[in-house]
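Below is the file input-v4.txt, which contains compact mmCIF, C-alpha atoms.
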# COMPACT_ATOMS: atom_id res chain seq x y z
CA MET A 13 193.06 -39.11 -60.63
CA LYS A 14 193.51 -41.03 -57.38
CA ILE A 15 195.18 -44.42 -56.94
CA LYS A 16 196.54 -46.68 -54.20
CA VAL A 17 199.59 -48.79 -55.04
CA ASN A 18 202.30 -50.91 -53.48
CA ARG A 19 205.25 -48.55 -52.95
CA GLN A 20 207.97 -51.02 -53.94
CA GLU A 21 206.12 -52.11 -57.08
CA PHE A 22 205.47 -48.52 -58.10
CA LEU A 23 209.10 -47.55 -57.50
CA LYS A 24 210.33 -50.52 -59.53
CA THR A 25 208.02 -49.64 -62.42
CA LEU A 26 209.04 -45.98 -62.23
CA ARG A 27 212.72 -46.87 -62.38
CA THR A 28 212.10 -49.07 -65.42
CA VAL A 29 210.40 -46.42 -67.56
CA SER A 30 212.80 -43.67 -66.46
CA LYS A 31 215.64 -45.54 -68.22
CA ALA A 32 214.28 -44.14 -71.50
CA ILE A 33 214.33 -40.53 -70.31
CA THR A 34 217.04 -37.97 -70.99
CA GLU A 35 216.95 -34.30 -70.02
CA ASN A 36 215.22 -32.15 -72.61
CA LYS A 37 215.54 -28.42 -71.91
CA ILE A 38 213.68 -27.41 -75.07
CA ARG A 39 210.62 -29.52 -74.23
CA PRO A 40 210.84 -30.23 -70.48
CA ILE A 41 207.69 -32.38 -70.52
CA ILE A 42 209.64 -35.08 -72.41
CA SER A 43 211.88 -35.34 -69.33
CA GLY A 44 208.84 -36.41 -67.32
CA VAL A 45 207.03 -39.70 -66.72
CA TYR A 46 203.53 -40.08 -68.14
CA MET A 47 201.08 -41.94 -65.88
CA GLU A 48 197.58 -43.10 -66.74
CA ALA A 49 195.08 -44.99 -64.56
CA ASP A 50 191.95 -46.80 -65.71
CA ASP A 51 189.94 -49.56 -63.99
CA THR A 52 192.63 -51.62 -62.18
CA THR A 53 195.52 -50.93 -64.54
CA ILE A 54 198.15 -48.24 -64.05
CA ILE A 55 200.43 -47.41 -66.98
CA LEU A 56 203.73 -45.54 -66.73
CA LYS A 57 205.64 -44.34 -69.78
CA GLY A 58 208.97 -42.65 -70.46
CA THR A 59 210.42 -41.53 -73.78
CA ASN A 60 213.22 -39.57 -75.43
CA LEU A 61 211.31 -39.72 -78.76
CA GLU A 62 213.74 -42.35 -80.06
CA LEU A 63 213.13 -44.89 -77.30
CA THR A 64 209.84 -45.35 -75.44
CA VAL A 65 209.39 -47.64 -72.44
CA THR A 66 205.89 -48.47 -71.20
CA SER A 67 205.17 -50.61 -68.15
CA LYS A 68 201.94 -51.72 -66.53
CA MET A 69 201.16 -52.49 -62.90
CA GLU A 70 198.10 -53.22 -60.84
CA GLY A 71 196.65 -51.05 -58.11
CA GLU A 72 193.42 -49.68 -56.71
CA VAL A 73 192.13 -47.03 -59.09
CA ILE A 74 189.78 -44.84 -57.06
CA LYS A 75 189.50 -42.28 -59.84
CA GLY A 76 190.98 -42.60 -63.33
CA GLY A 77 192.98 -39.97 -65.16
CA ASN A 78 196.47 -39.07 -66.34
CA LEU A 79 199.38 -36.78 -65.50
CA VAL A 80 203.06 -36.15 -66.25
CA PHE A 81 205.61 -35.59 -63.47
CA SER A 82 209.36 -35.31 -63.01
CA HIS A 83 210.61 -38.65 -61.75
CA GLN A 84 213.92 -37.90 -59.98
CA LEU A 85 212.58 -36.42 -56.72
CA VAL A 86 209.69 -38.89 -56.60
CA GLU A 87 212.14 -41.79 -56.92
CA GLU A 88 214.38 -40.43 -54.17
CA TYR A 89 211.43 -39.83 -51.85
CA LEU A 90 209.86 -43.26 -52.35
CA LYS A 91 213.20 -44.94 -51.76
CA GLU A 92 213.49 -43.34 -48.30
CA ILE A 93 210.05 -44.19 -46.90
CA ASN A 94 209.01 -47.54 -45.44
CA ASP A 95 205.26 -47.65 -46.04
CA MET A 96 204.01 -50.63 -48.00
CA GLU A 97 201.12 -48.71 -49.58
CA ILE A 98 200.97 -45.15 -50.89
CA THR A 99 198.22 -43.00 -52.36
CA LEU A 100 198.81 -40.76 -55.38
CA SER A 101 196.31 -38.12 -56.42
CA ILE A 102 195.97 -34.84 -58.28
CA ASP A 103 194.95 -31.78 -56.23
CA ASN A 104 194.90 -28.37 -57.94
CA GLU A 105 197.50 -29.45 -60.55
CA ILE A 106 199.77 -30.85 -57.84
CA LEU A 107 200.77 -34.52 -57.46
CA LEU A 108 200.07 -35.48 -53.86
CA ILE A 109 201.73 -38.61 -52.46
CA GLU A 110 200.38 -39.72 -49.09
CA THR A 111 201.48 -42.37 -46.61
CA GLU A 112 200.14 -43.22 -43.14
CA ASP A 113 202.07 -40.41 -41.46
CA SER A 114 203.31 -38.07 -44.20
CA SER A 115 202.41 -36.33 -47.43
CA SER A 116 204.45 -34.70 -50.18
CA GLU A 117 203.63 -32.50 -53.14
CA PHE A 118 205.18 -32.42 -56.59
CA SER A 119 204.52 -30.15 -59.55
CA VAL A 120 203.15 -31.69 -62.73
CA PHE A 121 203.07 -30.93 -66.45
CA ASP A 122 200.02 -30.56 -68.65
CA ALA A 123 199.45 -34.17 -69.75
CA SER A 124 197.74 -33.03 -72.97
CA GLU A 125 201.12 -31.71 -74.19
CA TYR A 126 202.88 -35.07 -73.80
CA PRO A 127 204.00 -36.36 -77.23
CA LYS A 128 201.83 -38.94 -78.94
CA ILE A 129 203.93 -42.01 -79.66
CA ARG A 130 202.89 -43.92 -82.77
CA GLY A 131 201.55 -47.33 -81.87
CA PHE A 132 203.09 -50.56 -83.09
CA GLN A 133 201.11 -52.31 -85.79
CA GLY A 134 201.80 -56.02 -86.21
CA GLY A 135 205.12 -57.45 -87.34
CA GLU A 136 206.37 -61.04 -87.07
CA GLU A 137 207.27 -61.93 -83.48
CA TYR A 138 210.44 -63.67 -82.32
CA LYS A 139 211.27 -65.07 -78.88
CA LEU A 140 214.65 -65.56 -77.22
CA PRO A 141 215.88 -66.45 -73.71
CA ILE A 142 216.38 -63.10 -72.00
CA GLU A 143 219.71 -64.08 -70.41
CA LEU A 144 221.13 -65.04 -73.80
CA PHE A 145 219.86 -61.85 -75.43
CA VAL A 146 221.30 -59.53 -72.75
CA ASN A 147 224.64 -61.34 -72.91
CA LEU A 148 224.78 -60.93 -76.69
CA LEU A 149 223.97 -57.21 -76.44
CA GLU A 150 226.68 -56.68 -73.82
CA LYS A 151 229.33 -58.49 -75.84
CA SER A 152 228.54 -56.81 -79.15
CA LYS A 153 227.85 -53.14 -78.40
CA PHE A 154 231.23 -51.94 -77.16
CA ALA A 155 232.75 -51.34 -80.61
CA ALA A 156 229.94 -49.03 -81.76
CA SER A 157 230.74 -45.36 -82.30
CA GLN A 158 230.06 -43.48 -79.07
CA THR A 159 229.14 -40.22 -80.79
CA THR A 160 226.29 -39.22 -83.09
CA ASP A 161 228.68 -37.66 -85.64
CA ASN A 162 227.98 -40.65 -87.90
CA ILE A 163 224.59 -42.09 -86.97
CA SER A 164 225.01 -45.09 -89.27
CA ILE A 165 227.62 -46.55 -86.87
CA ASN A 166 226.27 -45.12 -83.59
CA CYS A 167 224.27 -48.32 -83.35
CA LEU A 168 224.19 -52.08 -83.01
CA ARG A 169 223.34 -54.04 -86.14
CA MET A 170 221.05 -57.04 -85.57
CA GLU A 171 220.34 -59.54 -88.33
CA LEU A 172 218.42 -62.81 -88.39
CA GLU A 173 218.65 -65.18 -91.34
CA ASN A 174 218.37 -68.96 -91.74
CA GLY A 175 218.23 -69.52 -87.99
CA MET A 176 221.39 -67.48 -87.37
CA LEU A 177 221.34 -64.33 -85.25
CA LYS A 178 224.14 -61.86 -86.00
CA LEU A 179 225.15 -58.80 -84.00
CA ILE A 180 227.70 -56.34 -85.37
CA SER A 181 229.10 -53.01 -84.22
CA THR A 182 231.90 -50.79 -85.50
CA ASP A 183 233.36 -47.32 -85.11
CA THR A 184 235.52 -47.80 -88.26
CA TYR A 185 238.63 -48.42 -86.09
CA ARG A 186 237.39 -51.81 -84.87
CA LEU A 187 234.55 -54.24 -85.49
CA VAL A 188 232.72 -56.85 -83.40
CA TYR A 189 230.99 -59.75 -85.15
CA ILE A 190 228.94 -62.25 -83.13
CA THR A 191 226.86 -65.15 -84.43
CA GLU A 192 224.44 -67.31 -82.44
CA LYS A 193 222.45 -70.28 -83.73
CA VAL A 194 218.82 -69.79 -82.66
CA ASP A 195 215.58 -71.68 -83.13
CA LEU A 196 213.90 -68.88 -85.08
CA ASP A 197 212.49 -68.64 -88.58
CA GLY A 198 212.16 -65.48 -90.64
CA SER A 199 214.45 -62.67 -91.69
CA LEU A 200 215.34 -59.43 -89.92
CA LYS A 201 217.91 -56.69 -90.55
CA VAL A 202 217.85 -53.60 -88.32
CA SER A 203 220.24 -51.05 -86.82
CA LEU A 204 219.36 -50.24 -83.19
CA PRO A 205 220.53 -46.87 -81.77
CA LEU A 206 223.29 -47.36 -79.21
CA LYS A 207 221.42 -45.35 -76.55
CA SER A 208 218.42 -47.63 -76.97
CA VAL A 209 220.60 -50.73 -76.63
CA GLU A 210 222.26 -49.42 -73.46
CA ALA A 211 218.90 -48.55 -71.91
CA MET A 212 217.51 -51.97 -72.83
CA ILE A 213 220.40 -53.75 -71.13
CA LYS A 214 219.71 -51.87 -67.88
CA ILE A 215 216.00 -52.67 -68.06
CA LEU A 216 216.32 -56.32 -69.07
CA ALA A 217 219.06 -57.16 -66.57
CA SER A 218 216.60 -56.66 -63.68
CA LYS A 219 213.70 -58.63 -65.18
CA LYS A 220 212.88 -61.96 -63.52
CA VAL A 221 211.43 -63.65 -66.58
CA GLU A 222 212.81 -66.29 -68.93
CA ASP A 223 212.08 -64.92 -72.40
CA ILE A 224 211.93 -61.71 -74.39
CA THR A 225 209.68 -61.26 -77.43
CA PHE A 226 210.49 -58.79 -80.20
CA ALA A 227 208.98 -57.73 -83.51
CA TYR A 228 209.89 -55.34 -86.34
CA GLU A 229 207.49 -53.10 -88.25
CA GLY A 230 208.20 -50.03 -90.39
CA ASN A 231 210.92 -48.06 -88.63
CA GLN A 232 210.33 -49.50 -85.16
CA VAL A 233 211.30 -52.56 -83.15
CA LYS A 234 209.21 -53.59 -80.16
CA PHE A 235 210.60 -55.69 -77.31
CA MET A 236 208.19 -57.23 -74.81
CA VAL A 237 209.27 -58.60 -71.44
CA GLY A 238 206.63 -59.26 -68.79
CA GLU A 239 204.49 -56.14 -68.38
CA THR A 240 207.08 -53.89 -70.00
CA GLU A 241 207.18 -52.79 -73.64
CA ILE A 242 210.33 -51.24 -75.12
CA LEU A 243 209.76 -49.48 -78.43
CA THR A 244 212.74 -48.10 -80.33
CA ARG A 245 213.13 -46.43 -83.66
CA VAL A 246 215.70 -47.96 -85.99
CA ILE A 247 218.42 -46.18 -87.95
CA ASP A 248 217.51 -46.13 -91.64
CA LEU A 249 220.99 -45.25 -92.94
CA PRO A 250 222.97 -48.10 -94.56
CA PHE A 251 225.25 -50.03 -92.22
CA PRO A 252 228.88 -50.53 -93.38
CA ASP A 253 229.68 -53.58 -95.53
CA TYR A 254 230.98 -55.72 -92.68
CA ASP A 255 231.14 -58.86 -94.86
CA GLY A 256 233.61 -57.11 -97.13
CA ILE A 257 235.71 -56.11 -94.11
CA LEU A 258 235.67 -59.62 -92.62
CA ASN A 259 236.60 -61.28 -95.91
CA ALA A 260 239.29 -58.83 -97.05
CA THR A 261 241.89 -60.13 -94.63
CA GLY A 262 244.91 -61.83 -96.19
CA TYR A 263 246.33 -63.00 -92.87
CA THR A 264 249.78 -64.63 -92.99
CA LYS A 265 250.54 -65.02 -89.28
CA GLU A 266 248.77 -66.58 -86.32
CA VAL A 267 249.58 -66.06 -82.65
CA LEU A 268 248.11 -67.98 -79.71
CA ILE A 269 248.17 -66.32 -76.28
CA ASP A 270 246.71 -67.17 -72.88
CA SER A 271 243.91 -64.60 -72.58
CA ALA A 272 244.21 -64.05 -68.80
CA GLU A 273 247.97 -63.52 -68.96
CA PHE A 274 247.60 -61.25 -71.99
CA LYS A 275 244.95 -59.19 -70.20
CA ASN A 276 247.14 -58.74 -67.10
CA VAL A 277 250.03 -57.52 -69.25
CA LEU A 278 247.82 -55.06 -71.12
CA LYS A 279 246.34 -53.69 -67.89
CA ARG A 280 249.81 -52.77 -66.69
CA VAL A 281 250.76 -51.26 -70.05
CA GLN A 282 247.56 -49.24 -70.15
CA ILE A 283 248.60 -47.38 -67.00
CA PHE A 284 251.46 -45.88 -69.00
CA VAL A 285 249.77 -45.26 -72.36
CA ARG A 286 246.23 -44.11 -71.51
CA ASN A 287 247.33 -40.47 -71.39
CA ASN A 288 249.98 -40.62 -74.09
CA ALA A 289 249.97 -37.13 -75.62
CA GLU A 290 250.99 -38.25 -79.12
CA SER A 291 248.86 -41.39 -79.45
CA LYS A 292 246.45 -42.20 -76.62
CA ASN A 293 246.40 -45.88 -75.56
CA SER A 294 249.07 -46.77 -78.12
CA GLY A 295 251.25 -49.79 -77.34
CA ILE A 296 254.05 -51.34 -79.40
CA PHE A 297 253.74 -55.10 -79.98
CA GLU A 298 256.76 -57.08 -81.22
CA PHE A 299 256.12 -60.74 -82.08
CA LYS A 300 259.50 -62.49 -82.01
CA ASP A 301 259.72 -66.27 -82.24
CA GLU A 302 257.91 -67.58 -79.13
CA LEU A 303 257.76 -64.25 -77.32
CA LEU A 304 255.63 -61.11 -77.47
CA GLU A 305 257.20 -57.89 -76.21
CA VAL A 306 254.74 -55.12 -75.35
CA SER A 307 256.01 -51.62 -74.59
CA GLY A 308 254.43 -48.28 -73.85
CA ILE A 309 255.45 -44.80 -72.83
CA SER A 310 254.00 -41.75 -71.16
CA GLU A 311 255.56 -38.31 -70.78
CA VAL A 312 257.28 -39.37 -67.56
CA ALA A 313 257.61 -43.16 -67.65
CA LYS A 314 257.84 -46.25 -69.83
CA ILE A 315 257.16 -49.99 -69.53
CA ASN A 316 258.32 -53.19 -71.23
CA GLU A 317 256.51 -56.50 -70.76
CA THR A 318 257.18 -59.98 -72.16
CA ILE A 319 254.76 -62.86 -72.59
CA GLY A 320 255.14 -66.35 -74.04
CA ILE A 321 253.24 -67.14 -77.25
CA LYS A 322 252.82 -69.77 -79.95
CA LYS A 323 253.42 -68.21 -83.35
CA ASP A 324 252.99 -69.43 -86.90
CA GLY A 325 254.56 -67.04 -89.43
CA GLU A 326 257.24 -64.39 -89.57
CA ASP A 327 258.07 -61.89 -86.84
CA LEU A 328 256.10 -58.64 -86.79
CA LYS A 329 256.16 -55.26 -85.11
CA ILE A 330 252.86 -53.38 -84.89
CA SER A 331 251.21 -50.61 -82.89
CA LEU A 332 247.75 -51.28 -81.42
CA ASN A 333 245.26 -49.57 -79.15
CA VAL A 334 245.66 -51.25 -75.76
CA LYS A 335 242.21 -50.25 -74.54
CA PHE A 336 240.58 -51.74 -77.65
CA LEU A 337 242.26 -55.08 -76.94
CA LEU A 338 241.20 -55.03 -73.29
CA ASP A 339 237.60 -54.32 -74.28
CA TYR A 340 237.48 -57.65 -76.09
CA LEU A 341 239.52 -59.67 -73.59
CA SER A 342 237.17 -58.65 -70.76
CA PHE A 343 234.53 -60.99 -72.25
CA ILE A 344 236.79 -64.06 -72.50
CA GLU A 345 236.62 -66.64 -69.72
CA LYS A 346 239.71 -67.45 -67.71
CA GLY A 347 241.52 -70.49 -69.08
CA LYS A 348 240.75 -69.67 -72.72
CA ASN A 349 243.37 -68.84 -75.32
CA VAL A 350 242.95 -65.96 -77.74
CA LEU A 351 244.04 -66.38 -81.36
CA LEU A 352 245.44 -63.34 -83.20
CA SER A 353 245.56 -63.35 -87.01
CA LEU A 354 247.88 -60.74 -88.54
CA SER A 355 249.34 -59.71 -91.89
CA THR A 356 251.49 -56.55 -91.87
CA SER A 357 252.06 -53.59 -89.56
CA CYS A 358 249.43 -51.71 -91.56
CA GLY A 359 246.81 -54.48 -91.76
CA ALA A 360 243.88 -55.24 -89.48
CA VAL A 361 244.32 -57.72 -86.62
CA GLU A 362 241.60 -60.31 -85.99
CA LEU A 363 241.04 -61.72 -82.51
CA LYS A 364 238.91 -64.73 -81.63
CA ILE A 365 238.78 -67.41 -78.97
CA GLU A 366 240.72 -70.54 -79.85
CA ASN A 367 238.54 -73.12 -81.63
CA GLU A 368 235.55 -70.75 -81.67
CA LYS A 369 234.30 -68.73 -84.63
CA ASN A 370 231.21 -67.01 -83.23
CA PHE A 371 232.89 -64.01 -81.53
CA LYS A 372 235.29 -62.21 -83.87
CA TYR A 373 236.93 -58.85 -83.27
CA LEU A 374 238.90 -56.78 -85.79
CA VAL A 375 241.21 -53.94 -84.74
CA MET A 376 242.94 -51.49 -87.05
CA PRO A 377 246.60 -50.71 -86.22
CA LEU A 378 247.94 -47.32 -85.23
CA ALA A 379 250.77 -45.49 -86.96
CA LEU A 380 254.06 -47.18 -86.11
CA LYS A 381 256.76 -44.68 -85.21
CA ASP A 382 260.45 -45.43 -85.26
Rewritten as structure tokens:
Amino acid sequence: MKIKVNRQEFLKTLRTVSKAITENKIRPIISGVYMEADDTTIILKGTNLELTVTSKMEGEVIKGGNLVFSHQLVEEYLKEINDMEITLSIDNEILLIETEDSSSEFSVFDASEYPKIRGFQGGEEYKLPIELFVNLLEKSKFAASQTTDNISINCLRMELENGMLKLISTDTYRLVYITEKVDLDGSLKVSLPLKSVEAMIKILASKKVEDITFAYEGNQVKFMVGETEILTRVIDLPFPDYDGILNATGYTKEVLIDSAEFKNVLKRVQIFVRNNAESKNSGIFEFKDELLEVSGISEVAKINETIGIKKDGEDLKISLNVKFLLDYLSFIEKGKNVLLSLSTSCGAVELKIENEKNFKYLVMPLALKD
């Protein structure tokens, strides 16, 4: 194989596909980038067997072929040179990269051992503005379980029905529920692995196109943006009954708070509680008349903060995870009020933006100690 390509375009494409790659010590070839050249098209591919990213670019194909190489050193090298055009070729099972005044050599894998990724066959296609889609992914993924101990919640749930797109995530201690009215027909219910979602956000955020197209078939979802294809396996395990959780509320109190002021208070309290030995990130919240008192302790210090509120219902004392609250408040624009719905010190707390119903967040309380 021998090709000539624009260095910046090749580096950009390489960085895109490498987002799907994680280190694999058992099968090192999976940690590499697969490259194939034919006619005028050059294809790069990266996979972790759950997520596969394929991207195409144009170049001068002097001789077709394929190879697999480790991407880290190649990326670093290409970033430091200034040549507009580079030549890549195979010489005695070595990847040779040449510029006008330099050359470098990199070892390669046996391309025949690279895993065969099952192709995508059909499936109804949907199209969304890419900026909207990335924003929805960012706002909805943070409550997903961060570990693979329970795969059914180490994911982002995406559902489409009657022109309504829903995104849900939960780690059983909290739950995010987002709805967005979209101009799409059809029905779709899939659970996307969290790692796939995080990789997609990084890839899509740099794409200079307006729309993203996606389709579902079997146990795979394919996302298409420009010359890049993102193929991810879905999680087949049942997702928790979030409707039951959202509807089993029984709230008896409502509290309205300025979101920016609330966030500033919580940031200060978090300094004291983030390393609390007994209950990490635990803060005590006392709703009294038109005031909220927030307190927290560490092994060597304590803090008490007060903030004005509008409250409907009886007073309440409850313990909540300060970090969990900040995760949600970070997505609320300055000048907006956040509405808290509460019941008892043992019941879930629902947060949403005042006069808006499309971005709900439920948080379970912590044990309240005297």
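For A:Leu354, the residues within 6 Å (counting all atoms listed in the file, excluding itself and residues fewer than 6 positions away along the chain) are A:Tyr263, A:Lys265, A:Val361.
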Problem - Selected residue of minimal separation from A:Leu278 among A:Ile163, A:Leu338, A:Leu204, A:Leu243, counting all atoms listed in the file - result: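 Going through A:Ile163, A:Leu338, A:Leu204, A:Leu243 one by one, the smallest distance to A:Leu278 is for A:Leu338.
In this model, the gap between atom CA of A:Ile242 and atom CA of A:Leu149 comes to 14.9 Å.
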Practice task
One decimal, Å: what's the distance from atom CA of A:Met212 over to atom CA of A:Ala156, could you say?
Solution key: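 Distance between the two atoms: 15.6 Å.
Here atom CA of A:Ile129 and atom CA of A:Asp248 stand 18.6 Å from one another.
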Exercise for the section: Write out as a list in words which residues come within 10 Å of A:Arg27 when counting all atoms listed in the file, dropping same-chain ones fewer than 2 positions away. Expected result: Glu21, Phe22, Leu23, Lys24, Thr25, Val29, Ser30, Lys31, Ala32, Gly58, His83, Gln84, Glu87 and Ile215 of chain A
Exercise for the section: List every protein, DNA or RNA residue with an atom no more than 12 Å from (206.4, -46.9, -45.4) in the file's coordinates, counting all atoms listed in the file, and format the result as a PyMOL selection string. Expected result: chain A and resi 17-20+89-99+109-115
Fill in the blank from the handout: The residue from A:Val194, A:Cys358, A:Ile365, A:Val188 with the smallest atom-to-atom distance to A:Pro141, counting all atoms listed in the file, is A:Val194
Handout entry: Which residue of A:Asn174, A:Asn162, A:Ser271, A:Gln133 approaches A:Gly347 most closely, using all atoms listed in the file
Key =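 Comparing A:Asn174, A:Asn162, A:Ser271, A:Gln133 against A:Gly347, the winner is A:Ser271.
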Handout entry: Which of A:Asp103, A:Asp324, A:Glu171, A:Leu332 sits closest to A:Val285 [using only C-alpha atoms]
Key =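 Distance minimum relative to A:Val285 lands on A:Leu332.
Neighbourhood of point (192.2, -34.5, -63.9): residues with an atom at most 8 Å away, counting only C-alpha atoms, are Met13, Gly77, Asn78, Leu79 and Ile102 of chain A.
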Handout entry: Nearest residue to A:Glu362 from the set A:Leu304, A:Ala217, A:Leu258, A:Val277 (distances using all atoms listed in the file)
Key =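 Closest to A:Glu362, using all atoms listed in the file: A:Leu258.
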